[in-house]
file input-v5.cif (mmCIF, C-alpha atoms)
data_model
loop_
_atom_site.group_PDB
_atom_site.id
_atom_site.type_symbol
_atom_site.label_atom_id
_atom_site.label_comp_id
_atom_site.auth_asym_id
_atom_site.auth_seq_id
_atom_site.Cartn_x
_atom_site.Cartn_y
_atom_site.Cartn_z
ATOM 1 C CA MET B 1 -47.164 -37.336 46.618
ATOM 2 C CA LYS B 2 -45.610 -34.185 47.944
ATOM 3 C CA ASN B 3 -42.660 -36.146 49.330
ATOM 4 C CA VAL B 4 -42.177 -37.914 46.020
ATOM 5 C CA PHE B 5 -42.131 -34.564 44.208
ATOM 6 C CA LEU B 6 -39.543 -33.100 46.601
ATOM 7 C CA PHE B 7 -37.374 -36.215 46.235
ATOM 8 C CA ALA B 8 -37.598 -35.964 42.442
ATOM 9 C CA LEU B 9 -36.703 -32.255 42.597
ATOM 10 C CA ILE B 10 -33.699 -32.898 44.815
ATOM 11 C CA LEU B 11 -32.596 -35.726 42.551
ATOM 12 C CA PHE B 12 -32.903 -33.461 39.504
ATOM 13 C CA PHE B 13 -30.760 -30.666 41.003
ATOM 14 C CA SER B 14 -28.228 -33.161 42.334
ATOM 15 C CA LYS B 15 -27.882 -34.627 38.868
ATOM 16 C CA SER B 16 -27.623 -31.167 37.308
ATOM 17 C CA ASN B 17 -24.915 -30.099 39.756
ATOM 18 C CA ALA B 18 -22.988 -33.286 39.114
ATOM 19 C CA GLN B 19 -23.131 -32.604 35.393
ATOM 20 C CA ILE B 20 -21.938 -29.019 35.928
ATOM 21 C CA ASP B 21 -19.079 -30.206 38.157
ATOM 22 C CA SER B 22 -18.027 -32.811 35.618
ATOM 23 C CA LEU B 23 -18.034 -30.182 32.893
ATOM 24 C CA SER B 24 -16.034 -27.711 34.998
ATOM 25 C CA LEU B 25 -13.492 -30.385 35.905
ATOM 26 C CA LYS B 26 -13.150 -31.549 32.338
ATOM 27 C CA LYS B 27 -9.794 -30.435 30.985
ATOM 28 C CA GLU B 28 -8.962 -29.285 27.521
ATOM 29 C CA SER B 29 -7.138 -31.735 25.307
ATOM 30 C CA ARG B 30 -3.375 -31.929 25.734
ATOM 31 C CA LEU B 31 -2.729 -30.588 22.241
ATOM 32 C CA LYS B 32 -5.100 -27.686 22.781
ATOM 33 C CA VAL B 33 -3.410 -26.726 26.069
ATOM 34 C CA VAL B 34 0.047 -26.885 24.505
ATOM 35 C CA GLY B 35 -1.133 -24.768 21.585
ATOM 36 C CA SER B 36 -2.837 -22.172 23.768
ATOM 37 C CA VAL B 37 0.256 -21.758 25.985
ATOM 38 C CA LEU B 38 2.575 -21.360 23.002
ATOM 39 C CA LYS B 39 0.135 -19.009 21.259
ATOM 40 C CA ASN B 40 -0.126 -16.862 24.391
ATOM 41 C CA SER B 41 3.666 -16.815 24.653
ATOM 42 C CA ILE B 42 4.074 -15.564 21.087
ATOM 43 C CA LEU B 43 1.278 -13.001 21.248
ATOM 44 C CA SER B 44 2.654 -11.558 24.491
ATOM 45 C CA VAL B 45 6.114 -10.760 23.048
ATOM 46 C CA PRO B 46 5.299 -7.090 22.270
ATOM 47 C CA GLY B 47 3.784 -6.795 25.723
ATOM 48 C CA ASP B 48 6.968 -8.210 27.277
ATOM 49 C CA PHE B 49 9.009 -5.282 26.018
ATOM 50 C CA SER B 50 6.237 -2.842 26.830
ATOM 51 C CA GLU B 51 6.250 -4.091 30.428
ATOM 52 C CA MET B 52 10.034 -3.776 30.610
ATOM 53 C CA GLY B 53 9.769 -0.176 29.449
ATOM 54 C CA HIS B 54 6.973 0.426 31.939
ATOM 55 C CA GLU B 55 9.181 -0.863 34.761
ATOM 56 C CA ILE B 56 11.692 1.867 33.941
ATOM 57 C CA THR B 57 9.417 4.771 32.990
ATOM 58 C CA SER B 58 6.470 4.331 35.373
ATOM 59 C CA ASP B 59 8.313 6.040 38.240
ATOM 60 C CA TRP B 60 11.110 8.347 37.095
ATOM 61 C CA LYS B 61 12.032 9.241 40.667
ATOM 62 C CA LYS B 62 12.622 5.584 41.463
ATOM 63 C CA THR B 63 14.562 5.126 38.212
ATOM 64 C CA ALA B 64 16.760 8.129 39.058
ATOM 65 C CA ILE B 65 17.482 6.680 42.491
ATOM 66 C CA TYR B 66 18.470 3.333 40.983
ATOM 67 C CA THR B 67 20.651 5.037 38.363
ATOM 68 C CA THR B 68 22.419 7.054 41.056
ATOM 69 C CA GLY B 69 22.893 3.882 43.067
ATOM 70 C CA ILE B 70 24.444 2.099 40.071
ATOM 71 C CA LEU B 71 26.891 4.964 39.541
ATOM 72 C CA GLY B 72 27.744 4.777 43.221
ATOM 73 C CA LEU B 73 28.396 1.040 42.919
ATOM 74 C CA ILE B 74 30.704 1.601 39.949
ATOM 75 C CA ALA B 75 32.544 4.389 41.811
ATOM 76 C CA THR B 76 33.214 2.096 44.772
ATOM 77 C CA ASP B 77 33.997 -1.006 42.715
ATOM 78 C CA LYS B 78 37.707 -1.002 43.576
ATOM 79 C CA ILE B 79 36.866 -1.294 47.261
ATOM 80 C CA THR B 80 33.958 -3.729 47.001
ATOM 81 C CA THR B 81 35.497 -5.957 44.334
ATOM 82 C CA GLY B 82 38.824 -6.047 46.184
ATOM 83 C CA PHE B 83 36.936 -7.131 49.310
ATOM 84 C CA LEU B 84 35.098 -9.750 47.240
ATOM 85 C CA HIS B 85 38.392 -11.166 45.938
ATOM 86 C CA ASP B 86 40.215 -11.128 49.281
ATOM 87 C CA LYS B 87 37.540 -11.989 51.819
ATOM 88 C CA ILE B 88 34.338 -13.374 50.327
ATOM 89 C CA GLU B 89 35.508 -15.639 47.513
ATOM 90 C CA PRO B 90 37.913 -17.639 49.723
ATOM 91 C CA ALA B 91 35.033 -18.245 52.144
ATOM 92 C CA ILE B 92 32.687 -19.397 49.363
ATOM 93 C CA ASP B 93 34.808 -22.123 47.882
ATOM 94 C CA TYR B 94 32.641 -24.889 46.486
ATOM 95 C CA SER B 95 31.631 -26.281 43.134
ATOM 96 C CA LEU B 96 28.698 -28.318 41.889
ATOM 97 C CA PRO B 97 29.055 -31.780 40.329
ATOM 98 C CA ARG B 98 28.985 -31.846 36.562
ATOM 99 C CA PHE B 99 25.420 -32.169 35.353
ATOM 100 C CA ASP B 100 25.917 -33.041 31.710
ATOM 101 C CA VAL B 101 22.886 -35.249 31.168
ATOM 102 C CA ILE B 102 23.095 -34.619 27.448
ATOM 103 C CA LYS B 103 26.565 -34.550 25.955
ATOM 104 C CA THR B 104 26.643 -31.361 23.942
ATOM 105 C CA LYS B 105 28.945 -28.509 23.065
ATOM 106 C CA ILE B 106 26.144 -25.999 23.632
ATOM 107 C CA GLU B 107 27.358 -23.689 26.401
ATOM 108 C CA TRP B 108 23.825 -23.092 27.661
ATOM 109 C CA LEU B 109 23.413 -26.751 28.637
ATOM 110 C CA ASP B 110 26.910 -27.124 30.047
ATOM 111 C CA GLY B 111 28.337 -26.607 33.524
ATOM 112 C CA ASN B 112 26.301 -24.814 36.184
ATOM 113 C CA ASN B 113 23.785 -23.529 33.646
ATOM 114 C CA ALA B 114 22.416 -27.062 33.493
ATOM 115 C CA TYR B 115 21.153 -26.722 37.081
ATOM 116 C CA ILE B 116 18.818 -23.973 35.904
ATOM 117 C CA LEU B 117 17.899 -25.101 32.400
ATOM 118 C CA TYR B 118 17.331 -28.848 32.891
ATOM 119 C CA PRO B 119 14.713 -28.311 35.638
ATOM 120 C CA ILE B 120 12.873 -25.916 33.318
ATOM 121 C CA ILE B 121 12.965 -28.513 30.529
ATOM 122 C CA GLY B 122 11.778 -31.159 32.994
ATOM 123 C CA LEU B 123 8.965 -28.930 34.223
ATOM 124 C CA TYR B 124 7.740 -28.347 30.685
ATOM 125 C CA ALA B 125 7.948 -32.018 29.669
ATOM 126 C CA GLY B 126 6.227 -33.170 32.868
ATOM 127 C CA SER B 127 3.524 -30.517 32.552
ATOM 128 C CA VAL B 128 2.799 -31.561 28.967
ATOM 129 C CA ALA B 129 2.582 -35.200 30.061
ATOM 130 C CA LEU B 130 0.196 -34.298 32.908
ATOM 131 C CA ASN B 131 -1.669 -31.737 30.789
ATOM 132 C CA ASN B 132 -0.862 -29.060 33.372
ATOM 133 C CA LYS B 133 -1.305 -25.595 31.890
ATOM 134 C CA LYS B 134 0.230 -23.748 34.837
ATOM 135 C CA GLY B 135 3.499 -25.685 34.664
ATOM 136 C CA GLN B 136 3.748 -25.193 30.912
ATOM 137 C CA THR B 137 3.198 -21.457 31.313
ATOM 138 C CA VAL B 138 5.890 -21.168 33.995
ATOM 139 C CA ALA B 139 8.379 -23.146 31.896
ATOM 140 C CA VAL B 140 7.709 -21.156 28.726
ATOM 141 C CA ASN B 141 7.954 -17.852 30.600
ATOM 142 C CA SER B 142 11.265 -19.042 32.055
ATOM 143 C CA PHE B 143 12.596 -19.902 28.591
ATOM 144 C CA LYS B 144 11.563 -16.454 27.382
ATOM 145 C CA SER B 145 13.326 -14.816 30.319
ATOM 146 C CA VAL B 146 16.515 -16.718 29.501
ATOM 147 C CA ALA B 147 16.302 -15.657 25.854
ATOM 148 C CA TYR B 148 15.674 -12.007 26.774
ATOM 149 C CA SER B 149 18.566 -12.109 29.245
ATOM 150 C CA TYR B 150 20.866 -13.308 26.482
ATOM 151 C CA VAL B 151 19.735 -10.675 23.990
ATOM 152 C CA ILE B 152 19.557 -7.724 26.391
ATOM 153 C CA SER B 153 22.447 -8.416 28.734
ATOM 154 C CA HIS B 154 24.907 -10.446 26.677
ATOM 155 C CA LEU B 155 24.422 -9.186 23.133
ATOM 156 C CA LEU B 156 23.256 -5.603 23.670
ATOM 157 C CA LEU B 157 24.479 -4.123 26.947
ATOM 158 C CA LYS B 158 27.878 -5.815 27.014
ATOM 159 C CA SER B 159 28.535 -4.445 23.522
ATOM 160 C CA VAL B 160 27.286 -0.947 24.387
ATOM 161 C CA PHE B 161 29.204 -0.508 27.654
ATOM 162 C CA ALA B 162 32.225 -2.654 26.688
ATOM 163 C CA ARG B 163 33.718 -2.698 30.184
ATOM 164 C CA ASN B 164 36.877 -4.681 30.859
ATOM 165 C CA ARG B 165 36.932 -7.264 33.613
ATOM 166 C CA PRO B 166 38.813 -6.782 36.897
ATOM 167 C CA GLN B 167 42.306 -8.145 37.258
ATOM 168 C CA ARG B 168 43.050 -10.735 39.929
ATOM 169 C CA PRO B 169 44.177 -9.952 42.535
ATOM 170 C CA LEU B 170 42.856 -6.419 42.414
ATOM 171 C CA ASN B 171 44.691 -5.113 45.481
ATOM 172 C CA ASP B 172 48.270 -5.970 44.533
ATOM 173 C CA ASP B 173 50.859 -3.469 43.267
ATOM 174 C CA THR B 174 50.955 -4.617 39.655
ATOM 175 C CA SER B 175 49.210 -2.664 36.919
ATOM 176 C CA GLY B 176 46.384 -4.179 34.928
ATOM 177 C CA SER B 177 47.072 -5.645 31.511
ATOM 178 C CA ALA B 178 44.385 -5.710 28.830
ATOM 179 C CA PRO B 179 41.846 -7.175 28.594
ATOM 180 C CA TRP B 180 42.075 -7.250 32.417
ATOM 181 C CA THR B 181 42.108 -3.962 34.287
ATOM 182 C CA LYS B 182 42.365 -2.335 37.701
ATOM 183 C CA ASP B 183 40.457 0.734 36.498
ATOM 184 C CA ASN B 184 36.830 0.525 37.570
ATOM 185 C CA TRP B 185 35.949 3.165 34.916
ATOM 186 C CA ASP B 186 37.451 1.151 32.055
ATOM 187 C CA PHE B 187 34.427 1.272 29.747
ATOM 188 C CA GLY B 188 34.280 1.843 25.984
ATOM 189 C CA ASN B 189 36.476 -1.058 24.845
ATOM 190 C CA PHE B 190 34.206 -1.601 21.849
ATOM 191 C CA HIS B 191 34.216 -4.885 19.995
ATOM 192 C CA PRO B 192 32.029 -6.906 17.627
ATOM 193 C CA VAL B 193 28.980 -8.542 19.150
ATOM 194 C CA TYR B 194 30.167 -11.725 20.853
ATOM 195 C CA PHE B 195 27.671 -14.572 20.693
ATOM 196 C CA GLU B 196 29.724 -16.719 23.052
ATOM 197 C CA SER B 197 31.611 -15.877 26.246
ATOM 198 C CA GLN B 198 34.668 -13.688 25.729
ATOM 199 C CA VAL B 199 36.949 -11.758 28.083
ATOM 200 C CA GLU B 200 37.508 -8.456 26.318
ATOM 201 C CA GLY B 201 35.028 -5.693 27.121
ATOM 202 C CA THR B 202 32.267 -7.978 28.414
ATOM 203 C CA ALA B 203 32.097 -7.279 32.149
ATOM 204 C CA PHE B 204 28.999 -5.071 32.444
ATOM 205 C CA PRO B 205 26.471 -6.411 33.226
ATOM 206 C CA SER B 206 26.843 -10.031 34.337
ATOM 207 C CA PHE B 207 24.885 -12.229 31.962
ATOM 208 C CA HIS B 208 24.699 -15.125 34.427
ATOM 209 C CA ALA B 209 23.278 -12.865 37.152
ATOM 210 C CA THR B 210 20.670 -11.616 34.669
ATOM 211 C CA PHE B 211 19.907 -15.139 33.456
ATOM 212 C CA TYR B 212 19.595 -16.818 36.870
ATOM 213 C CA PHE B 213 17.614 -14.099 38.582
ATOM 214 C CA SER B 214 15.205 -13.574 35.692
ATOM 215 C CA VAL B 215 14.211 -17.239 36.025
ATOM 216 C CA ALA B 216 14.051 -16.955 39.814
ATOM 217 C CA LYS B 217 11.679 -13.986 39.474
ATOM 218 C CA VAL B 218 9.380 -15.923 37.155
ATOM 219 C CA PHE B 219 9.122 -18.842 39.599
ATOM 220 C CA GLN B 220 8.729 -16.492 42.564
ATOM 221 C CA MET B 221 5.791 -14.680 40.969
ATOM 222 C CA GLU B 222 4.103 -17.749 39.497
ATOM 223 C CA TYR B 223 4.315 -19.856 42.686
ATOM 224 C CA ASN B 224 4.339 -17.012 45.226
ATOM 225 C CA ASN B 225 7.516 -18.308 46.878
ATOM 226 C CA TYR B 226 10.759 -16.385 47.360
ATOM 227 C CA TRP B 227 12.880 -18.856 49.257
ATOM 228 C CA ILE B 228 13.105 -21.822 46.904
ATOM 229 C CA PRO B 229 13.790 -20.093 43.534
ATOM 230 C CA TYR B 230 16.165 -17.464 44.945
ATOM 231 C CA THR B 231 18.024 -19.986 47.106
ATOM 232 C CA ILE B 232 18.597 -22.221 44.081
ATOM 233 C CA ALA B 233 19.606 -19.312 41.831
ATOM 234 C CA THR B 234 22.007 -17.925 44.434
ATOM 235 C CA GLY B 235 23.467 -21.342 45.211
ATOM 236 C CA VAL B 236 24.134 -22.068 41.553
ATOM 237 C CA PHE B 237 25.527 -18.588 40.937
ATOM 238 C CA LEU B 238 27.962 -18.712 43.867
ATOM 239 C CA ALA B 239 29.351 -22.083 42.807
ATOM 240 C CA ASP B 240 32.789 -21.452 41.299
ATOM 241 C CA ILE B 241 32.240 -17.726 41.852
ATOM 242 C CA LYS B 242 35.806 -16.948 40.787
ATOM 243 C CA SER B 243 35.013 -18.062 37.261
ATOM 244 C CA HIS B 244 32.598 -15.147 36.774
ATOM 245 C CA ASN B 245 35.354 -12.507 36.842
ATOM 246 C CA HIS B 246 33.119 -9.497 37.427
ATOM 247 C CA TRP B 247 33.103 -6.237 39.306
ATOM 248 C CA VAL B 248 30.541 -6.171 42.123
ATOM 249 C CA SER B 249 28.431 -3.618 40.223
ATOM 250 C CA ASP B 250 28.295 -5.994 37.229
ATOM 251 C CA LEU B 251 26.731 -8.675 39.422
ATOM 252 C CA LEU B 252 24.199 -6.430 41.147
ATOM 253 C CA VAL B 253 23.107 -4.672 37.955
ATOM 254 C CA GLY B 254 22.775 -8.042 36.227
ATOM 255 C CA GLY B 255 20.485 -9.243 39.017
ATOM 256 C CA LEU B 256 18.438 -6.037 38.769
ATOM 257 C CA ILE B 257 18.011 -6.414 35.001
ATOM 258 C CA GLY B 258 17.041 -10.057 35.455
ATOM 259 C CA THR B 259 14.394 -9.075 37.987
ATOM 260 C CA ILE B 260 12.936 -6.522 35.572
ATOM 261 C CA ILE B 261 12.871 -9.088 32.754
ATOM 262 C CA GLY B 262 11.244 -11.827 34.839
ATOM 263 C CA ARG B 263 8.574 -9.520 36.265
ATOM 264 C CA ALA B 264 7.801 -8.073 32.833
ATOM 265 C CA VAL B 265 7.400 -11.512 31.240
ATOM 266 C CA VAL B 266 4.999 -12.742 33.934
ATOM 267 C CA ASN B 267 2.906 -9.551 33.932
ATOM 268 C CA SER B 268 2.706 -9.537 30.140
ATOM 269 C CA SER B 269 1.745 -13.220 30.058
ATOM 270 C CA ARG B 270 -1.040 -12.660 32.560
ATOM 271 C CA LYS B 271 -2.406 -9.676 30.667
ATOM 272 C CA GLN B 272 -2.378 -11.619 27.395
ATOM 273 C CA ALA B 273 -4.164 -14.566 29.022
ATOM 274 C CA ASN B 274 -6.833 -12.245 30.445
ATOM 275 C CA SER B 275 -7.196 -10.603 27.044
ATOM 276 C CA ASN B 276 -7.690 -14.004 25.415
ATOM 277 C CA ASN B 277 -10.336 -14.971 27.977
ATOM 278 C CA ASN B 278 -12.191 -11.686 27.504
ATOM 279 C CA HIS B 279 -12.038 -12.122 23.739
ATOM 280 C CA VAL B 280 -13.568 -15.604 24.028
ATOM 281 C CA GLY B 281 -16.273 -14.206 26.275
ATOM 282 C CA MET B 282 -17.104 -11.477 23.763
ATOM 283 C CA ASN B 283 -17.215 -14.030 20.960
ATOM 284 C CA ASN B 284 -19.634 -16.148 22.965
ATOM 285 C CA PHE B 285 -21.737 -13.073 23.612
ATOM 286 C CA LYS B 286 -21.791 -12.280 19.915
ATOM 287 C CA LYS B 287 -22.914 -15.850 19.185
ATOM 288 C CA PHE B 288 -25.868 -15.445 21.534
ATOM 289 C CA LYS B 289 -29.111 -15.857 19.588
ATOM 290 C CA MET B 290 -32.674 -15.511 20.691
ATOM 291 C CA GLN B 291 -35.666 -17.060 18.924
ATOM 292 C CA LYS B 292 -38.808 -14.935 19.110
ATOM 293 C CA GLN B 293 -42.407 -15.974 18.689
ATOM 294 C CA LEU B 294 -45.586 -13.901 18.677
ATOM 295 C CA ILE B 295 -48.665 -15.958 19.606
ATOM 296 C CA PRO B 296 -52.154 -14.485 19.302
ATOM 297 C CA GLN B 297 -54.034 -14.602 22.594
ATOM 298 C CA ILE B 298 -57.843 -14.199 22.676
ATOM 299 C CA SER B 299 -60.004 -14.474 25.737
ATOM 300 C CA SER B 300 -63.200 -13.043 27.091
ATOM 301 C CA ALA B 301 -61.188 -10.374 28.881
ATOM 302 C CA MET B 302 -58.666 -9.356 26.227
ATOM 303 C CA VAL B 303 -57.325 -9.683 22.743
ATOM 304 C CA GLY B 304 -53.559 -9.415 22.244
ATOM 305 C CA LEU B 305 -50.248 -11.008 21.341
ATOM 306 C CA HIS B 306 -48.197 -13.267 23.592
ATOM 307 C CA PHE B 307 -44.407 -12.813 23.159
ATOM 308 C CA VAL B 308 -42.203 -15.851 23.734
ATOM 309 C CA GLY B 309 -38.394 -15.732 23.636
ATOM 310 C CA SER B 310 -36.176 -18.806 23.771
ATOM 311 C CA PHE B 311 -32.357 -19.002 23.745
#
call {"tool": "encode", "arguments": {"input": "input-v5.cif", "output": "C-alpha cells"}}
result
Amino acid sequence: MKNVFLFALILFFSKSNAQIDSLSLKKESRLKVVGSVLKNSILSVPGDFSEMGHEITSDWKKTAIYTTGILGLIATDKITTGFLHDKIEPAIDYSLPRFDVIKTKIEWLDGNNAYILYPIIGLYAGSVALNNKKGQTVAVNSFKSVAYSYVISHLLLKSVFARNRPQRPLNDDTSGSAPWTKDNWDFGNFHPVYFESQVEGTAFPSFHATFYFSVAKVFQMEYNNYWIPYTIATGVFLADIKSHNHWVSDLLVGGLIGTIIGRAVVNSSRKQANSNNNHVGMNNFKKFKMQKQLIPQISSAMVGLHFVGSF
C-alpha cells in the first residue's frame, strides 16, 4: 500500500511538472507578439532620446575628451583625407553587385543600402512567420536606428554644420571650387534642409556611417557578437568608398553618432520591456483575492473560531 501511494505521488508530481512545462513553453499568439513588440517600440521613443542624452551627459569628462578628439580630427583633415584619397582608396577598390530586389526609386532601398535594409526586412518577416519575439525586437530596433540616423545626422546635423565636401584630388595645386573645397574648416554653408542626398554643405557628419553603424550596434548588443555585424557594416560601407566624398572626420564622427544611437535604442527598449513586465506583475498582484471563512470550533478543551483562507 505504501508503494502504491509513493507511485501515485510521483505520478501526480510528474503530471504537474509536465503541465507547468507545457504552460511555460506555450507561446503567445502571433498577433499578440507582433502587437507587444510594436507597442514597446512606440512607448520607448521618449526613452530613446533620453538614453541618447544620457550617453552624452553621464560623463562630462569623457564627453570633453571626445569633443577635443573631434576637433583634432577636423584640424588634421587635410593630412588624413589626402592620405585616404591617395593611398587607401586605390587599395580598396571594389563594388558590390546591384541588389535591387524591388524596383523602386526610393534611395533607401537602392544601391549598397539594400545590403543593410533587406536583411532587416527579412529578419522581421521571418520572425513574424516563426512567432519569434527576439527577432522582431531586433528588426524594429534596427528600423528605429535607421530612422533616427536620418533625422539626427542627415536632416539636423548636416544642416547645422553645413560643411562642404573635400575636393578630389585634395593634394593637387588647384584651388577648390564650390561646393567642393580644400579648406577643412569650410563650415557654415547654410542651406535648406535637404531630404535627399545633395553635395552642397552636407559633409559633416556622414549619414551612411551613422546609418550602418547604428544598425551594427543594435545587432552587436542584441546578439552579443561584434564580428558579424561590424564586418558586414564595414564591408558595405567601404564598397565604392569614393562615392561617399567625405573628410575623414565626417566618417569617424558619423560612426560615433551611430554607435550612440544604436546603444540608446537597445537600452531604452530593454528598460521599456522590463517596465511592461513589472507593470503586468503589479496588475496580477492587485488582482490577487483571498476568500476568508470563520468556522466556529467547539471541543471539550476549547471554544473558538477557526480561520480558513483560500486563494
call {"tool": "residues_around", "arguments": {"input": "input-v5.cif", "residues": "Asn267 in chain B", "least_positions_apart": "6", "cutoff": "9 Å", "atoms": "all atoms listed in the file", "output": "list in words"}}
result
Gly47, Asp48 and Glu51 of chain B
call {"tool": "atom_distance", "arguments": {"input": "input-v5.cif", "atom1": "CA of Gly201 in chain B", "atom2": "CA of Asn189 in chain B"}}
result
5.4 Å
call {"tool": "closest_atom_pairs", "arguments": {"input": "input-v5.cif", "of": "range 33-70 of chain B", "to": "range 147-159 of chain B", "cutoff": "12 Å", "atoms": "all atoms listed in the file", "output": "JSON lines"}}
result
{"residue": "B:Val45", "atom": "CA", "partner": "B:Tyr148", "partner_atom": "CA", "distance": 10.3}
{"residue": "B:Asp48", "atom": "CA", "partner": "B:Tyr148", "partner_atom": "CA", "distance": 9.5}
{"residue": "B:Phe49", "atom": "CA", "partner": "B:Tyr148", "partner_atom": "CA", "distance": 9.5}
{"residue": "B:Met52", "atom": "CA", "partner": "B:Tyr148", "partner_atom": "CA", "distance": 10.7}
call {"tool": "write_last_selection", "arguments": {"input": "input-v5.cif", "atoms": "C-alpha atoms", "output": "PDB file, in the frame of the given file"}}
result
ATOM      1  CA  VAL B  45       6.114 -10.760  23.048  1.00  0.00           C
ATOM      2  CA  ASP B  48       6.968  -8.210  27.277  1.00  0.00           C
ATOM      3  CA  PHE B  49       9.009  -5.282  26.018  1.00  0.00           C
ATOM      4  CA  MET B  52      10.034  -3.776  30.610  1.00  0.00           C
TER       5      MET B  52
END
call {"tool": "resolve_selection", "arguments": {"input": "input-v5.cif", "expression": "the PyMOL selection byres ((chain B and resi 265) around 8)", "output": "number ranges by chain"}}
result
B: 48, 51, 141, 144-145, 218, 261-264, 266-269
call {"tool": "atom_distance", "arguments": {"input": "input-v5.cif", "atom1": "CA of Trp185 in chain B", "atom2": "CA of Asn164 in chain B"}}
result
8.9 Å
call {"tool": "atom_distance", "arguments": {"input": "input-v5.cif", "atom1": "CA of Leu123 in chain B", "atom2": "CA of Pro205 in chain B"}}
result
28.5 Å
call {"tool": "resolve_selection", "arguments": {"input": "input-v5.cif", "expression": "the PyMOL selection byres ((chain B and resi 172-181) around 12)", "output": "PyMOL selection string"}}
result
chain B and resi 78+82+85-86+162-171+182-187+189-191+198-203+245-247
call {"tool": "closest_residue", "arguments": {"input": "input-v5.cif", "among": "B:Gly35, B:Ile120, B:Ala64, B:Val160", "to": "Pro192 in chain B", "atoms": "all atoms listed in the file"}}
result
B:Val160
call {"tool": "closest_residue", "arguments": {"input": "input-v5.cif", "among": "B:Ser249, B:Ser142, B:Thr63, B:Asn132", "to": "Thr76 in chain B", "atoms": "only C-alpha atoms"}}
result
B:Ser249
call {"tool": "residues_around", "arguments": {"input": "input-v5.cif", "residues": "Ile241 in chain B", "least_positions_apart": "3", "cutoff": "9 Å", "atoms": "all atoms listed in the file", "output": "NGL selection string"}}
result
:B and (89 or 92-95 or 237-238 or 244-245)
call {"tool": "write_last_selection", "arguments": {"input": "input-v5.cif", "atoms": "C-alpha atoms", "output": "mmCIF file, in the frame of the given file"}}
result
data_model
loop_
_atom_site.group_PDB
_atom_site.id
_atom_site.type_symbol
_atom_site.label_atom_id
_atom_site.label_comp_id
_atom_site.auth_asym_id
_atom_site.auth_seq_id
_atom_site.Cartn_x
_atom_site.Cartn_y
_atom_site.Cartn_z
ATOM 1 C CA GLU B 89 35.508 -15.639 47.513
ATOM 2 C CA ILE B 92 32.687 -19.397 49.363
ATOM 3 C CA ASP B 93 34.808 -22.123 47.882
ATOM 4 C CA TYR B 94 32.641 -24.889 46.486
ATOM 5 C CA SER B 95 31.631 -26.281 43.134
ATOM 6 C CA PHE B 237 25.527 -18.588 40.937
ATOM 7 C CA LEU B 238 27.962 -18.712 43.867
ATOM 8 C CA HIS B 244 32.598 -15.147 36.774
ATOM 9 C CA ASN B 245 35.354 -12.507 36.842
#
call {"tool": "resolve_selection", "arguments": {"input": "input-v5.cif", "expression": "the PyMOL selection byres ((chain B and resi 220) around 12)", "output": "list in words"}}
result
Val138, Ser142, Phe213, Ser214, Val215, Ala216, Lys217, Val218, Phe219, Met221, Glu222, Tyr223, Asn224, Asn225, Tyr226, Trp227, Ile228, Pro229, Tyr230, Thr231, Ile232, Ala233, Thr259, Gly262, Arg263 and Val266 of chain B
call {"tool": "write_last_selection", "arguments": {"input": "input-v5.cif", "atoms": "C-alpha atoms", "output": "tab-separated table (two decimals), in the coordinates of the input"}}
result
chain	number	residue	atom	x	y	z
B	138	VAL	CA	5.89	-21.17	33.99
B	142	SER	CA	11.26	-19.04	32.06
B	213	PHE	CA	17.61	-14.10	38.58
B	214	SER	CA	15.20	-13.57	35.69
B	215	VAL	CA	14.21	-17.24	36.02
B	216	ALA	CA	14.05	-16.95	39.81
B	217	LYS	CA	11.68	-13.99	39.47
B	218	VAL	CA	9.38	-15.92	37.16
B	219	PHE	CA	9.12	-18.84	39.60
B	221	MET	CA	5.79	-14.68	40.97
B	222	GLU	CA	4.10	-17.75	39.50
B	223	TYR	CA	4.32	-19.86	42.69
B	224	ASN	CA	4.34	-17.01	45.23
B	225	ASN	CA	7.52	-18.31	46.88
B	226	TYR	CA	10.76	-16.39	47.36
B	227	TRP	CA	12.88	-18.86	49.26
B	228	ILE	CA	13.10	-21.82	46.90
B	229	PRO	CA	13.79	-20.09	43.53
B	230	TYR	CA	16.16	-17.46	44.94
B	231	THR	CA	18.02	-19.99	47.11
B	232	ILE	CA	18.60	-22.22	44.08
B	233	ALA	CA	19.61	-19.31	41.83
B	259	THR	CA	14.39	-9.07	37.99
B	262	GLY	CA	11.24	-11.83	34.84
B	263	ARG	CA	8.57	-9.52	36.26
B	266	VAL	CA	5.00	-12.74	33.93
